[in-house]
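First up is the structure itself, then whatever we jot down about it.
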Amino acid sequence: MTGTKVLAMLAATALATAGCSSADPASSGPVTVTYWHGYNETGEELQTLRDVVIPAFEKAHPNIKVKQVPFPDEALRQKVLGAAAGGELPCLLRSDIVWVPELAKLGVLEPLDAKLKDFDALAKRTFPGPLETNKYRDKYYGLPLDTNTRVLMYTPAALKAAGLEKAPETFEDVRAAAAKLKGSPVKAFADGGTDGWNLLPWIWSAGGNLLNPELTKASGHLDSPASVAAVQLLVDLRNEGQLPDIMLGGTGGTPTDEGIAKGEYLSTLDGPWTFPIYEKQFPGVTVATSKMPAGPGGSVSVVGGEDIVMTKSCPDKEAGGEFIRYLLSDEAQLEMAKVGQMPVLADLGARLTSIKPYYGIFVEQLKTARPRPPVPQYKKIESLLSQHVSEALKGTVSPKQALTDAARAIDAVLAQD
Amino acid sequence: MSVLASEATARPAPVPVRGSGPRGPRLSTRLRAARVPYLFLLPGFAVFVLVMAYPMAQAFRISLHEWNILPGAESTFVGIANYLRALEDPVFWKALVNTGVYMLATVPAQLALGMLVALLLNRAIKGRTWFRALYYLPVVTSWVVVSLLFRYLFVTDAGLVNYVLVDILHVTDTRIAWLQNRWTAMVAICALGIWKGVGWSMIIFLAALQNVPKELTEAAELDGASPTRRFFSVVLPMLRAAVAFVTIMLVIGGFNAFTSIYLMTGGGPGNDTQVLLTYMYEQAFDFLDFGYGSSIAYILTLIVFALSVVQFRVFRYSEED
């Protein structure tokens with residue numbers, strides 16, 4: 001009897017030891033989820049993430065530790081691609097929405113719709129535009145984490161100086177404002193480049209598009225009469241001296257925020273992150289907002305923001321998934337909203353304006369805002385669009401010709417996939 | 001050495017090498033002695049293979065593929081398609097022209113100004129050492145720092161350059177949008193290249209000037225040669241090797257310009273100020289098109305190599321002349 005007991009105990013010990021050694025050595029203590037992001041090292045967002053969100057999560061999940069690693073925003077993409085090539089990606093990444101298809105195509109992301117059993121429930125609560133940025137070839141590789149869009153920004157002072165009663169609400173209003181400002185040193189509209197981020201609100205609002213719904217070609221959409229009309233509007237503004245050189249994307253000009261604050265530019269399109277900048281750099285300047293001027297296609301702006309994605313090399317996907325769930329909870333989303341990161345949960349809408357009144361216009365604009373096409377070659381496509389529209393703005397080619405050339409070049413890039 | 005020597009003496013009488021007769025032992029000692037320099041070269045050569053030759057070979061392989069950056073992932077072999085693509089790419093040609101313009105604008109200016117400063121500072125003037133250090137200072141400052149500095153100097157509204165031109169000298173009353181147009185931006189970029197490089201050619205020329213025998217210039221002076229004549233007929237021919245070296249290095253450097261352009265204009269507006277290296281960087285690291293990026297790098301290497309060979313020939317020819 002005792003012999004059997006001893007044997008049983010030995011066997012149990014052996015099993016237990018075997019169980020321990022087969023698992024990750026870290027399983028004796030808490031597991032670590034590494035999380036890379038591009039929050040500014042000195043910003044309030046990082047403070048809240050580090051001092052509020054992560055401690056709250058770790059308290060509720062004593063067996064999981066979150067190691068957050070900040071990178072300068074502009075260096076994050078290079079860092080991620082380098083880590084992908086070297087096989088050293090973290091478990092979770094806060095990815096710009098336009099990188100997700102690219103990373104998915106590289107094959108380094110875990111399809112979240114298959115990995116998280118409650119994916120549908122989580123996805124259903126988010127805005128549809130931001131959610132679409134996670135899709136690549138019928139699979140969802142991430143979830144929206146934060147969002148934003150661009151709305152028209154101006155100062156009431158500049159409006160008054162221009163003799164206008166209200167900010168431009170339609171394309172016609174923009175033309176009228178430009179006509180009124182003709183001959184004055186103030187420019188009717190300013191933007192810092194000809195990327196999709198800058199051009200697509202005009203093209204969509206005009207009723208045009210960059211690609212077909214299947215995301216396989218640009219011809220027939222980017223060179224459609226509606227798209228041409230959008231670029232024509234910008235070219236007309238430029239010819240009337242109402243669109244500054246910075247629209248061509250060069251360095252050295254007056255940036256949009258400075259131009260708005262000093263009254264050099266009447267209006268620009270920008271996101272919620274500019275309010276803290278105005279407060280800090282141009283105290284005393286009141287900045288007002290209104291929706292993207294509407295064209296025949298309505299008032300359609302562009303979706304920005306970040307997604308949360310999980311890499312295939314994540315050592316503990318259960319723990320990683322748990323942190324994703326927490327980041328998308330009301331609690332975490334509202335905490336981050338307090339420091340300027342706009343939540344992605346559509347049903348929080350009403351509660352947001354009590355946190356920051358300026359969220360209201362963005363929630364409104366987000367109802368119709370669209371994401372840039374989620375294709376892995378987006379960066380290249382955008383550079384072609386930018387290059388050809390620049391030529392139209394310089395007057396070397398007509399808008400129709402520029403967009404036809406751009407569409408043809410983009411078709412070729414999409415055909416390579 | 002002693003080990004080698006004892007080894008040689010400890011050996012039994014050597015087997016005569018075929019056809020060598022009595023010269024056998026001497027030959028083997030010589031062979032062994034000849035090995036020594038190679039042994040000393042080995043560590044350096046190993047480093048060269050590891051950090052230069054292998055990456056170069058690998059880059060060539062990448063240039064023949066549609067390259068997938070993931071480890072172990074398959075890449076499609078496309079032959080010379082990436083090279084042919086460059087020939088049909090208008091931005092590639094624009095970048096090539098810009099690179100050529102940069103080289104043609106900065107190399108002669110650096111040579112001429114470097115020589116001028118070297119000649120001035122070769123005289124016994126007060127504070128000579130200070131001036132030498134001062135002119136050399138830009139060479140040792142960081143490219144990143146001075147590129148950003150020049151970017152701010154050339155800002156349209158608040159930049160120092162426009163301030164001097166418009167508000168002080170009244171050369172023009174419109175502020176020039178330096179960095180927002182192709183050729184004005186190239187002027188700013190070249191100005192930085194020249195400013196930063198003059199000190200380097202100056203130092204080489206100064207060193208070379210120390211080797212010009214005083215007797216020669218004095219003799220020419222006695223013969224009534226003017227200072228200009230003395231420079232072109234006596235001093236400059238003595239500096240030929242230095243001029244050749246500086247020219248070749250500057251041409252290579254001109255083709256490799258990257259940091260200043262990347263930071264001052266980013267190749268923009270549009271692709272107007274793109275040079276070969278910024279375009280290569282964009283293709284490889286922004287668009288992940290490593291195959292195309294590598295082929296651009298190889299085309300650049302070929303151009304630089306060809307130009308260097310031509311320059312070596314020209315300078316050697318004029319030397320034999």
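In the structure tokens, each chain is lettered A, B, ... as it comes, each chain's residues begin at 1, and ligands are numbered from 1 in order of appearance.
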
What are the residues of chain A that have an atom within 6 Å of an atom of chain B, counting only C-alpha atoms, as a list in words? Ala85, Leu248, Gly249, Gly250, Thr251, Gly252, Gly253, Lys380 and Gln387 of chain A

Mind the document's chain letters and residue numbers, and return as a PyMOL selection string the residues of range 40-260 of chain B that DSSP labels strand (DSSP E or B). chain B and resi 65-66+76-77

Deliver the residues from the most recent selection as a file, using C-alpha atoms, as a PDB file, in the first residue's frame.
```pdb
ATOM      1  CA  HIS B  65      14.711  39.545 -57.483  1.00  0.00           C
ATOM      2  CA  GLU B  66      11.362  40.864 -56.459  1.00  0.00           C
ATOM      3  CA  THR B  76      10.807  35.814 -57.302  1.00  0.00           C
ATOM      4  CA  PHE B  77      13.757  35.889 -59.668  1.00  0.00           C
TER       5      PHE B  77
END
```

Going by DSSP on the backbone, which bits of range 56-233 of chain B are helix (DSSP H, G or I)? Write them as a ChimeraX atom specification, please. /B:56-63,81-87,90-121,128-140,143-153,160-168,178-180,182-209,214-222,227-233

For Pro70 in chain A, work out the shell of residues within 10 Å, counting only C-alpha atoms and skipping chain neighbours fewer than 5 positions away, then give it as number ranges by chain. A: 35-41, 46, 76

Requested write-out: C-alpha atoms of the selected residues, as a compact mmCIF listing (two decimals), in the first residue's frame:
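And here's out_16.txt as it stands now:
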```txt
# COMPACT_ATOMS: atom_id res chain seq x y z
CA TYR A 35 3.56 46.45 -26.72
CA TRP A 36 5.21 48.82 -29.24
CA HIS A 37 3.70 52.19 -30.00
CA GLY A 38 4.55 55.66 -31.25
CA TYR A 39 3.15 57.78 -28.42
CA ASN A 40 5.27 60.84 -27.82
CA GLU A 41 7.71 60.13 -24.99
CA LEU A 46 2.06 57.96 -22.84
CA LEU A 76 8.17 53.34 -35.80
```

Please provide the set of residues having any atom within 8 Å of Glu240 in chain A, restricted to only C-alpha atoms, with same-chain residues fewer than 3 positions apart removed, written as a ChimeraX atom specification. /A:178,182,236-237,243
